file structure38.cif (mmCIF, N, CA, C and O atoms)
data_my_file
loop_
_atom_site.group_PDB
_atom_site.id
_atom_site.type_symbol
_atom_site.label_atom_id
_atom_site.label_comp_id
_atom_site.auth_asym_id
_atom_site.auth_seq_id
_atom_site.Cartn_x
_atom_site.Cartn_y
_atom_site.Cartn_z
ATOM 1 N N MET A 1 26.408 3.380 15.029
ATOM 2 C CA MET A 1 25.469 2.848 16.001
ATOM 3 C C MET A 1 25.279 3.818 17.158
ATOM 4 O O MET A 1 24.187 3.965 17.668
ATOM 5 N N ASP A 2 26.355 4.463 17.544
ATOM 6 C CA ASP A 2 26.278 5.434 18.630
ATOM 7 C C ASP A 2 25.380 6.609 18.243
ATOM 8 O O ASP A 2 24.656 7.154 19.072
ATOM 9 N N ARG A 3 25.437 6.944 16.966
ATOM 10 C CA ARG A 3 24.620 8.043 16.444
ATOM 11 C C ARG A 3 23.120 7.713 16.556
ATOM 12 O O ARG A 3 22.308 8.566 16.892
ATOM 13 N N ILE A 4 22.781 6.456 16.274
ATOM 14 C CA ILE A 4 21.384 6.010 16.362
ATOM 15 C C ILE A 4 20.913 6.048 17.808
ATOM 16 O O ILE A 4 19.799 6.502 18.101
ATOM 17 N N ARG A 5 21.756 5.578 18.736
ATOM 18 C CA ARG A 5 21.390 5.616 20.159
ATOM 19 C C ARG A 5 21.163 7.038 20.639
ATOM 20 O O ARG A 5 20.209 7.313 21.362
ATOM 21 N N HIS A 6 22.044 7.931 20.235
ATOM 22 C CA HIS A 6 21.901 9.344 20.633
ATOM 23 C C HIS A 6 20.613 9.943 20.070
ATOM 24 O O HIS A 6 19.875 10.615 20.788
ATOM 25 N N ALA A 7 20.343 9.683 18.795
ATOM 26 C CA ALA A 7 19.118 10.202 18.166
ATOM 27 C C ALA A 7 17.880 9.622 18.847
ATOM 28 O O ALA A 7 16.892 10.330 19.054
ATOM 29 N N THR A 8 17.945 8.340 19.215
ATOM 30 C CA THR A 8 16.813 7.705 19.886
ATOM 31 C C THR A 8 16.573 8.343 21.246
ATOM 32 O O THR A 8 15.440 8.682 21.597
ATOM 33 N N ARG A 9 17.628 8.514 22.032
ATOM 34 C CA ARG A 9 17.479 9.132 23.357
ATOM 35 C C ARG A 9 16.965 10.562 23.246
ATOM 36 O O ARG A 9 16.130 10.989 24.024
ATOM 37 N N GLN A 10 17.476 11.281 22.277
ATOM 38 C CA GLN A 10 17.088 12.685 22.101
ATOM 39 C C GLN A 10 15.626 12.818 21.672
ATOM 40 O O GLN A 10 14.970 13.793 22.012
ATOM 41 N N ASN A 11 15.114 11.835 20.947
ATOM 42 C CA ASN A 11 13.749 11.901 20.417
ATOM 43 C C ASN A 11 12.803 10.913 21.087
ATOM 44 O O ASN A 11 11.746 10.609 20.540
ATOM 45 N N LEU A 12 13.142 10.426 22.275
ATOM 46 C CA LEU A 12 12.361 9.382 22.916
ATOM 47 C C LEU A 12 10.885 9.741 23.098
ATOM 48 O O LEU A 12 10.017 8.936 22.752
ATOM 49 N N PRO A 13 10.532 10.930 23.612
ATOM 50 C CA PRO A 13 9.097 11.236 23.749
ATOM 51 C C PRO A 13 8.344 11.192 22.415
ATOM 52 O O PRO A 13 7.247 10.648 22.335
ATOM 53 N N THR A 14 8.959 11.738 21.367
ATOM 54 C CA THR A 14 8.307 11.732 20.053
ATOM 55 C C THR A 14 8.201 10.312 19.512
ATOM 56 O O THR A 14 7.182 9.932 18.936
ATOM 57 N N LEU A 15 9.247 9.492 19.718
ATOM 58 C CA LEU A 15 9.196 8.105 19.262
ATOM 59 C C LEU A 15 8.134 7.314 20.016
ATOM 60 O O LEU A 15 7.427 6.491 19.421
ATOM 61 N N MET A 16 7.995 7.543 21.317
ATOM 62 C CA MET A 16 6.971 6.842 22.096
ATOM 63 C C MET A 16 5.571 7.267 21.648
ATOM 64 O O MET A 16 4.673 6.439 21.510
ATOM 65 N N LYS A 17 5.392 8.550 21.409
ATOM 66 C CA LYS A 17 4.106 9.058 20.930
ATOM 67 C C LYS A 17 3.793 8.470 19.555
ATOM 68 O O LYS A 17 2.662 8.067 19.276
ATOM 69 N N THR A 18 4.792 8.396 18.705
ATOM 70 C CA THR A 18 4.622 7.812 17.378
ATOM 71 C C THR A 18 4.238 6.343 17.480
ATOM 72 O O THR A 18 3.361 5.862 16.755
ATOM 73 N N GLY A 19 4.868 5.613 18.407
ATOM 74 C CA GLY A 19 4.556 4.196 18.599
ATOM 75 C C GLY A 19 3.134 3.961 19.057
ATOM 76 O O GLY A 19 2.445 3.066 18.558
ATOM 77 N N SER A 20 2.667 4.764 20.009
ATOM 78 C CA SER A 20 1.293 4.584 20.482
ATOM 79 C C SER A 20 0.290 4.965 19.391
ATOM 80 O O SER A 20 -0.729 4.299 19.213
ATOM 81 N N TYR A 21 0.606 6.002 18.645
ATOM 82 C CA TYR A 21 -0.233 6.407 17.514
ATOM 83 C C TYR A 21 -0.292 5.282 16.480
ATOM 84 O O TYR A 21 -1.349 4.971 15.936
ATOM 85 N N TYR A 22 0.834 4.643 16.248
ATOM 86 C CA TYR A 22 0.928 3.544 15.284
ATOM 87 C C TYR A 22 0.019 2.377 15.691
ATOM 88 O O TYR A 22 -0.734 1.848 14.867
ATOM 89 N N LEU A 23 0.055 1.988 16.951
ATOM 90 C CA LEU A 23 -0.782 0.874 17.413
ATOM 91 C C LEU A 23 -2.274 1.186 17.294
ATOM 92 O O LEU A 23 -3.061 0.344 16.842
ATOM 93 N N ILE A 24 -2.654 2.376 17.690
ATOM 94 C CA ILE A 24 -4.072 2.766 17.573
ATOM 95 C C ILE A 24 -4.482 2.790 16.103
ATOM 96 O O ILE A 24 -5.556 2.316 15.735
ATOM 97 N N HIS A 25 -3.621 3.330 15.278
ATOM 98 C CA HIS A 25 -3.939 3.441 13.855
ATOM 99 C C HIS A 25 -4.090 2.063 13.207
ATOM 100 O O HIS A 25 -4.968 1.864 12.364
ATOM 101 N N ILE A 26 -3.251 1.106 13.591
ATOM 102 C CA ILE A 26 -3.370 -0.251 13.049
ATOM 103 C C ILE A 26 -4.735 -0.844 13.384
ATOM 104 O O ILE A 26 -5.399 -1.438 12.529
ATOM 105 N N CYS A 27 -5.159 -0.687 14.624
ATOM 106 C CA CYS A 27 -6.457 -1.239 15.043
ATOM 107 C C CYS A 27 -7.608 -0.602 14.270
ATOM 108 O O CYS A 27 -8.493 -1.304 13.766
ATOM 109 N N VAL A 28 -7.597 0.709 14.165
ATOM 110 C CA VAL A 28 -8.666 1.410 13.438
ATOM 111 C C VAL A 28 -8.638 1.027 11.960
ATOM 112 O O VAL A 28 -9.687 0.728 11.370
ATOM 113 N N ALA A 29 -7.455 1.003 11.371
ATOM 114 C CA ALA A 29 -7.342 0.658 9.949
ATOM 115 C C ALA A 29 -7.822 -0.763 9.684
ATOM 116 O O ALA A 29 -8.485 -1.014 8.670
ATOM 117 N N ALA A 30 -7.505 -1.700 10.577
ATOM 118 C CA ALA A 30 -7.943 -3.087 10.396
ATOM 119 C C ALA A 30 -9.461 -3.183 10.441
ATOM 120 O O ALA A 30 -10.075 -3.879 9.615
ATOM 121 N N LEU A 31 -10.073 -2.496 11.386
ATOM 122 C CA LEU A 31 -11.535 -2.532 11.483
ATOM 123 C C LEU A 31 -12.204 -1.913 10.268
ATOM 124 O O LEU A 31 -13.157 -2.470 9.722
ATOM 125 N N VAL A 32 -11.695 -0.777 9.834
ATOM 126 C CA VAL A 32 -12.281 -0.104 8.665
ATOM 127 C C VAL A 32 -12.070 -0.940 7.404
ATOM 128 O O VAL A 32 -13.001 -1.144 6.620
ATOM 129 N N ALA A 33 -10.864 -1.456 7.212
ATOM 130 C CA ALA A 33 -10.582 -2.263 6.020
ATOM 131 C C ALA A 33 -11.430 -3.523 5.993
ATOM 132 O O ALA A 33 -11.925 -3.926 4.938
ATOM 133 N N TYR A 34 -11.627 -4.143 7.146
ATOM 134 C CA TYR A 34 -12.456 -5.353 7.186
ATOM 135 C C TYR A 34 -13.921 -5.010 6.898
ATOM 136 O O TYR A 34 -14.608 -5.736 6.189
ATOM 137 N N ALA A 35 -14.382 -3.882 7.432
ATOM 138 C CA ALA A 35 -15.762 -3.460 7.182
ATOM 139 C C ALA A 35 -15.993 -3.188 5.693
ATOM 140 O O ALA A 35 -17.061 -3.483 5.161
ATOM 141 N N VAL A 36 -14.990 -2.650 5.033
ATOM 142 C CA VAL A 36 -15.125 -2.318 3.614
ATOM 143 C C VAL A 36 -14.946 -3.549 2.723
ATOM 144 O O VAL A 36 -15.721 -3.757 1.790
ATOM 145 N N THR A 37 -13.937 -4.374 3.017
ATOM 146 C CA THR A 37 -13.614 -5.485 2.124
ATOM 147 C C THR A 37 -14.276 -6.802 2.526
ATOM 148 O O THR A 37 -14.536 -7.634 1.671
ATOM 149 N N GLY A 38 -14.490 -7.000 3.826
ATOM 150 C CA GLY A 38 -14.999 -8.279 4.299
ATOM 151 C C GLY A 38 -13.962 -9.393 4.179
ATOM 152 O O GLY A 38 -14.269 -10.555 4.379
ATOM 153 N N ASN A 39 -12.740 -9.021 3.890
ATOM 154 C CA ASN A 39 -11.664 -9.980 3.676
ATOM 155 C C ASN A 39 -10.603 -9.778 4.757
ATOM 156 O O ASN A 39 -9.989 -8.710 4.842
ATOM 157 N N LEU A 40 -10.362 -10.800 5.568
ATOM 158 C CA LEU A 40 -9.432 -10.682 6.682
ATOM 159 C C LEU A 40 -8.002 -10.434 6.213
ATOM 160 O O LEU A 40 -7.309 -9.571 6.760
ATOM 161 N N ILE A 41 -7.551 -11.170 5.215
ATOM 162 C CA ILE A 41 -6.173 -11.009 4.718
ATOM 163 C C ILE A 41 -5.968 -9.605 4.148
ATOM 164 O O ILE A 41 -4.969 -8.945 4.451
ATOM 165 N N ALA A 42 -6.899 -9.148 3.342
ATOM 166 C CA ALA A 42 -6.783 -7.800 2.768
ATOM 167 C C ALA A 42 -6.798 -6.743 3.862
ATOM 168 O O ALA A 42 -6.031 -5.776 3.821
ATOM 169 N N SER A 43 -7.659 -6.918 4.861
ATOM 170 C CA SER A 43 -7.745 -5.918 5.927
ATOM 171 C C SER A 43 -6.463 -5.886 6.762
ATOM 172 O O SER A 43 -6.003 -4.818 7.139
ATOM 173 N N LEU A 44 -5.864 -7.054 7.014
ATOM 174 C CA LEU A 44 -4.606 -7.077 7.765
ATOM 175 C C LEU A 44 -3.468 -6.455 6.961
ATOM 176 O O LEU A 44 -2.637 -5.714 7.505
ATOM 177 N N THR A 45 -3.429 -6.733 5.672
ATOM 178 C CA THR A 45 -2.398 -6.147 4.813
ATOM 179 C C THR A 45 -2.524 -4.630 4.784
ATOM 180 O O THR A 45 -1.539 -3.910 4.986
ATOM 181 N N LEU A 46 -3.717 -4.146 4.541
ATOM 182 C CA LEU A 46 -3.942 -2.697 4.517
ATOM 183 C C LEU A 46 -3.668 -2.057 5.870
ATOM 184 O O LEU A 46 -3.107 -0.967 5.948
ATOM 185 N N SER A 47 -4.055 -2.750 6.939
ATOM 186 C CA SER A 47 -3.895 -2.159 8.267
ATOM 187 C C SER A 47 -2.438 -2.089 8.698
ATOM 188 O O SER A 47 -2.097 -1.318 9.590
ATOM 189 N N LEU A 48 -1.572 -2.864 8.105
ATOM 190 C CA LEU A 48 -0.146 -2.768 8.421
ATOM 191 C C LEU A 48 0.588 -1.805 7.492
ATOM 192 O O LEU A 48 1.493 -1.095 7.925
ATOM 193 N N LEU A 49 0.196 -1.760 6.239
ATOM 194 C CA LEU A 49 0.875 -0.916 5.264
ATOM 195 C C LEU A 49 0.608 0.571 5.500
ATOM 196 O O LEU A 49 1.532 1.364 5.672
ATOM 197 N N GLU A 50 -0.635 0.943 5.514
ATOM 198 C CA GLU A 50 -0.993 2.360 5.600
ATOM 199 C C GLU A 50 -0.537 3.001 6.911
ATOM 200 O O GLU A 50 0.085 4.069 6.895
ATOM 201 N N PRO A 51 -0.773 2.397 8.081
ATOM 202 C CA PRO A 51 -0.305 3.035 9.314
ATOM 203 C C PRO A 51 1.221 3.113 9.429
ATOM 204 O O PRO A 51 1.743 4.016 10.075
ATOM 205 N N THR A 52 1.925 2.188 8.799
ATOM 206 C CA THR A 52 3.383 2.260 8.838
ATOM 207 C C THR A 52 3.860 3.516 8.119
ATOM 208 O O THR A 52 4.713 4.251 8.628
ATOM 209 N N VAL A 53 3.288 3.787 6.966
ATOM 210 C CA VAL A 53 3.628 5.010 6.230
ATOM 211 C C VAL A 53 3.200 6.235 7.041
ATOM 212 O O VAL A 53 3.946 7.213 7.165
ATOM 213 N N GLN A 54 2.024 6.189 7.640
ATOM 214 C CA GLN A 54 1.522 7.309 8.454
ATOM 215 C C GLN A 54 2.419 7.564 9.665
ATOM 216 O O GLN A 54 2.642 8.713 10.042
ATOM 217 N N ALA A 55 2.908 6.509 10.320
ATOM 218 C CA ALA A 55 3.751 6.671 11.504
ATOM 219 C C ALA A 55 5.043 7.402 11.161
ATOM 220 O O ALA A 55 5.491 8.273 11.909
ATOM 221 N N VAL A 56 5.631 7.055 10.025
ATOM 222 C CA VAL A 56 6.855 7.737 9.594
ATOM 223 C C VAL A 56 6.552 9.210 9.298
ATOM 224 O O VAL A 56 7.273 10.112 9.733
ATOM 225 N N ALA A 57 5.461 9.453 8.602
ATOM 226 C CA ALA A 57 5.069 10.829 8.299
ATOM 227 C C ALA A 57 4.765 11.605 9.578
ATOM 228 O O ALA A 57 5.140 12.778 9.714
ATOM 229 N N PHE A 58 4.119 10.961 10.547
ATOM 230 C CA PHE A 58 3.780 11.608 11.816
ATOM 231 C C PHE A 58 5.041 12.034 12.564
ATOM 232 O O PHE A 58 5.102 13.134 13.115
ATOM 233 N N PHE A 59 6.051 11.177 12.590
ATOM 234 C CA PHE A 59 7.299 11.502 13.281
ATOM 235 C C PHE A 59 7.895 12.787 12.710
ATOM 236 O O PHE A 59 8.245 13.701 13.454
ATOM 237 N N PHE A 60 7.990 12.865 11.389
ATOM 238 C CA PHE A 60 8.570 14.058 10.770
ATOM 239 C C PHE A 60 7.655 15.273 10.922
ATOM 240 O O PHE A 60 8.137 16.398 11.034
ATOM 241 N N HIS A 61 6.368 15.064 10.950
ATOM 242 C CA HIS A 61 5.412 16.142 11.204
ATOM 243 C C HIS A 61 5.649 16.735 12.595
ATOM 244 O O HIS A 61 5.695 17.959 12.775
ATOM 245 N N GLU A 62 5.811 15.870 13.590
ATOM 246 C CA GLU A 62 6.079 16.329 14.960
ATOM 247 C C GLU A 62 7.401 17.096 15.034
ATOM 248 O O GLU A 62 7.488 18.115 15.707
ATOM 249 N N LYS A 63 8.432 16.594 14.360
ATOM 250 C CA LYS A 63 9.729 17.273 14.372
ATOM 251 C C LYS A 63 9.619 18.649 13.728
ATOM 252 O O LYS A 63 10.215 19.613 14.207
ATOM 253 N N ALA A 64 8.844 18.779 12.658
ATOM 254 C CA ALA A 64 8.655 20.078 12.003
ATOM 255 C C ALA A 64 7.946 21.048 12.944
ATOM 256 O O ALA A 64 8.320 22.227 13.029
ATOM 257 N N TRP A 65 6.942 20.586 13.670
ATOM 258 C CA TRP A 65 6.242 21.443 14.616
ATOM 259 C C TRP A 65 7.158 21.867 15.764
ATOM 260 O O TRP A 65 7.091 22.993 16.239
ATOM 261 N N GLN A 66 8.021 20.966 16.214
ATOM 262 C CA GLN A 66 8.980 21.321 17.270
ATOM 263 C C GLN A 66 9.937 22.400 16.785
ATOM 264 O O GLN A 66 10.212 23.360 17.505
ATOM 265 N N ARG A 67 10.437 22.259 15.571
ATOM 266 C CA ARG A 67 11.348 23.266 15.013
ATOM 267 C C ARG A 67 10.641 24.613 14.879
ATOM 268 O O ARG A 67 11.223 25.660 15.174
ATOM 269 N N ALA A 68 9.397 24.590 14.425
ATOM 270 C CA ALA A 68 8.642 25.831 14.279
ATOM 271 C C ALA A 68 8.430 26.495 15.640
ATOM 272 O O ALA A 68 8.526 27.720 15.765
ATOM 273 N N SER A 69 8.177 25.698 16.644
ATOM 274 C CA SER A 69 7.988 26.228 17.991
ATOM 275 C C SER A 69 9.261 26.888 18.511
ATOM 276 O O SER A 69 9.227 27.962 19.108
ATOM 277 N N VAL A 70 10.394 26.248 18.254
ATOM 278 C CA VAL A 70 11.684 26.822 18.673
ATOM 279 C C VAL A 70 11.940 28.122 17.943
ATOM 280 O O VAL A 70 12.384 29.113 18.544
ATOM 281 N N ARG A 71 11.642 28.152 16.662
ATOM 282 C CA ARG A 71 11.843 29.390 15.883
ATOM 283 C C ARG A 71 10.959 30.524 16.393
ATOM 284 O O ARG A 71 11.392 31.668 16.492
ATOM 285 N N ARG A 72 9.697 30.205 16.706
ATOM 286 C CA ARG A 72 8.795 31.235 17.240
ATOM 287 C C ARG A 72 9.293 31.761 18.578
ATOM 288 O O ARG A 72 9.248 32.957 18.833
ATOM 289 N N ALA A 73 9.773 30.865 19.424
ATOM 290 C CA ALA A 73 10.290 31.280 20.723
ATOM 291 C C ALA A 73 11.536 32.149 20.561
ATOM 292 O O ALA A 73 11.690 33.154 21.272
ATOM 293 N N ALA A 74 12.405 31.797 19.626
ATOM 294 C CA ALA A 74 13.609 32.588 19.378
ATOM 295 C C ALA A 74 13.251 33.960 18.815
ATOM 296 O O ALA A 74 13.835 34.966 19.209
ATOM 297 N N ALA A 75 12.261 34.001 17.932
ATOM 298 C CA ALA A 75 11.825 35.280 17.360
ATOM 299 C C ALA A 75 11.197 36.161 18.434
ATOM 300 O O ALA A 75 11.424 37.375 18.469
ATOM 301 N N ALA A 76 10.433 35.561 19.331
ATOM 302 C CA ALA A 76 9.810 36.324 20.402
ATOM 303 C C ALA A 76 10.854 36.846 21.386
ATOM 304 O O ALA A 76 10.736 37.957 21.896
ATOM 305 N N ALA A 77 11.878 36.055 21.638
ATOM 306 C CA ALA A 77 12.934 36.469 22.554
ATOM 307 C C ALA A 77 13.777 37.586 21.937
ATOM 308 O O ALA A 77 14.259 38.473 22.648
ATOM 309 N N GLY A 78 13.935 37.551 20.607
ATOM 310 C CA GLY A 78 14.725 38.571 19.918
ATOM 311 C C GLY A 78 13.975 39.868 19.707
ATOM 312 O O GLY A 78 14.558 40.905 19.479
ATOM 313 N N ALA A 79 12.669 39.818 19.806
ATOM 314 C CA ALA A 79 11.865 41.025 19.531
ATOM 315 C C ALA A 79 11.746 41.925 20.729
ATOM 316 O O ALA A 79 11.993 41.700 21.821
#
call {"tool": "encode", "arguments": {"input": "structure38.cif", "output": "structure tokens"}}
result
Amino acid sequence: MDRIRHATRQNLPTLMKTGSYYLIHICVAALVAYAVTGNLIASLTLSLLEPTVQAVAFFFHEKAWQRASVRRAAAAAGA
């Protein structure tokens, strides 16, 4: 449990950014799904499923970009 708290504190800005992205994505997905299907239940199901997968992918995408940035900075400092 302590490990989770530490990881959360260490990644708080990325987690907050991921959360706000998730909420916006749910709203957009619900509107698009409803426009396409005309079915409220289907649009709500799709709008929760797809953005949840996207939010997880976004978090790891951000972490990969952070690592790449650190590597570039280290390479520039070593050169």
call {"tool": "residues_near_point", "arguments": {"input": "structure38.cif", "point": "(-10.8, -4.6, 7.8)", "cutoff": "4.5 Å", "atoms": "only N, CA, C and O atoms", "output": "short mmCIF file (atom, residue, chain, number, x, y, z; two decimals) with N, CA, C and O atoms, keeping the file's coordinate frame"}}
result
data_model
loop_
_atom_site.label_atom_id
_atom_site.label_comp_id
_atom_site.auth_asym_id
_atom_site.auth_seq_id
_atom_site.Cartn_x
_atom_site.Cartn_y
_atom_site.Cartn_z
N ALA A 29 -7.46 1.00 11.37
CA ALA A 29 -7.34 0.66 9.95
C ALA A 29 -7.82 -0.76 9.68
O ALA A 29 -8.48 -1.01 8.67
N ALA A 30 -7.50 -1.70 10.58
CA ALA A 30 -7.94 -3.09 10.40
C ALA A 30 -9.46 -3.18 10.44
O ALA A 30 -10.07 -3.88 9.62
N LEU A 31 -10.07 -2.50 11.39
CA LEU A 31 -11.54 -2.53 11.48
C LEU A 31 -12.20 -1.91 10.27
O LEU A 31 -13.16 -2.47 9.72
N VAL A 32 -11.70 -0.78 9.83
CA VAL A 32 -12.28 -0.10 8.66
C VAL A 32 -12.07 -0.94 7.40
O VAL A 32 -13.00 -1.14 6.62
N ALA A 33 -10.86 -1.46 7.21
CA ALA A 33 -10.58 -2.26 6.02
C ALA A 33 -11.43 -3.52 5.99
O ALA A 33 -11.92 -3.93 4.94
N TYR A 34 -11.63 -4.14 7.15
CA TYR A 34 -12.46 -5.35 7.19
C TYR A 34 -13.92 -5.01 6.90
O TYR A 34 -14.61 -5.74 6.19
N ALA A 35 -14.38 -3.88 7.43
CA ALA A 35 -15.76 -3.46 7.18
C ALA A 35 -15.99 -3.19 5.69
O ALA A 35 -17.06 -3.48 5.16
N SER A 43 -7.66 -6.92 4.86
CA SER A 43 -7.74 -5.92 5.93
C SER A 43 -6.46 -5.89 6.76
O SER A 43 -6.00 -4.82 7.14
#
call {"tool": "closest_residue", "arguments": {"input": "structure38.cif", "among": "A:Ala64, A:Thr37, A:Val56, A:Ser47", "to": "Ile24 (chain A)", "atoms": "only N, CA, C and O atoms"}}
result
A:Ser47
call {"tool": "residues_around", "arguments": {"input": "structure38.cif", "residues": "Leu46 (chain A)", "least_positions_apart": "5", "cutoff": "8 Å", "atoms": "only N, CA, C and O atoms", "output": "number ranges by chain"}}
result
A: 25-26, 29-30, 33, 39-41, 51-52
call {"tool": "write_last_selection", "arguments": {"input": "structure38.cif", "atoms": "N, CA, C and O atoms", "output": "mmCIF file, in the frame of the given file"}}
result
data_model
loop_
_atom_site.group_PDB
_atom_site.id
_atom_site.type_symbol
_atom_site.label_atom_id
_atom_site.label_comp_id
_atom_site.auth_asym_id
_atom_site.auth_seq_id
_atom_site.Cartn_x
_atom_site.Cartn_y
_atom_site.Cartn_z
ATOM 1 N N HIS A 25 -3.621 3.330 15.278
ATOM 2 C CA HIS A 25 -3.939 3.441 13.855
ATOM 3 C C HIS A 25 -4.090 2.063 13.207
ATOM 4 O O HIS A 25 -4.968 1.864 12.364
ATOM 5 N N ILE A 26 -3.251 1.106 13.591
ATOM 6 C CA ILE A 26 -3.370 -0.251 13.049
ATOM 7 C C ILE A 26 -4.735 -0.844 13.384
ATOM 8 O O ILE A 26 -5.399 -1.438 12.529
ATOM 9 N N ALA A 29 -7.455 1.003 11.371
ATOM 10 C CA ALA A 29 -7.342 0.658 9.949
ATOM 11 C C ALA A 29 -7.822 -0.763 9.684
ATOM 12 O O ALA A 29 -8.485 -1.014 8.670
ATOM 13 N N ALA A 30 -7.505 -1.700 10.577
ATOM 14 C CA ALA A 30 -7.943 -3.087 10.396
ATOM 15 C C ALA A 30 -9.461 -3.183 10.441
ATOM 16 O O ALA A 30 -10.075 -3.879 9.615
ATOM 17 N N ALA A 33 -10.864 -1.456 7.212
ATOM 18 C CA ALA A 33 -10.582 -2.263 6.020
ATOM 19 C C ALA A 33 -11.430 -3.523 5.993
ATOM 20 O O ALA A 33 -11.925 -3.926 4.938
ATOM 21 N N ASN A 39 -12.740 -9.021 3.890
ATOM 22 C CA ASN A 39 -11.664 -9.980 3.676
ATOM 23 C C ASN A 39 -10.603 -9.778 4.757
ATOM 24 O O ASN A 39 -9.989 -8.710 4.842
ATOM 25 N N LEU A 40 -10.362 -10.800 5.568
ATOM 26 C CA LEU A 40 -9.432 -10.682 6.682
ATOM 27 C C LEU A 40 -8.002 -10.434 6.213
ATOM 28 O O LEU A 40 -7.309 -9.571 6.760
ATOM 29 N N ILE A 41 -7.551 -11.170 5.215
ATOM 30 C CA ILE A 41 -6.173 -11.009 4.718
ATOM 31 C C ILE A 41 -5.968 -9.605 4.148
ATOM 32 O O ILE A 41 -4.969 -8.945 4.451
ATOM 33 N N PRO A 51 -0.773 2.397 8.081
ATOM 34 C CA PRO A 51 -0.305 3.035 9.314
ATOM 35 C C PRO A 51 1.221 3.113 9.429
ATOM 36 O O PRO A 51 1.743 4.016 10.075
ATOM 37 N N THR A 52 1.925 2.188 8.799
ATOM 38 C CA THR A 52 3.383 2.260 8.838
ATOM 39 C C THR A 52 3.860 3.516 8.119
ATOM 40 O O THR A 52 4.713 4.251 8.628
#
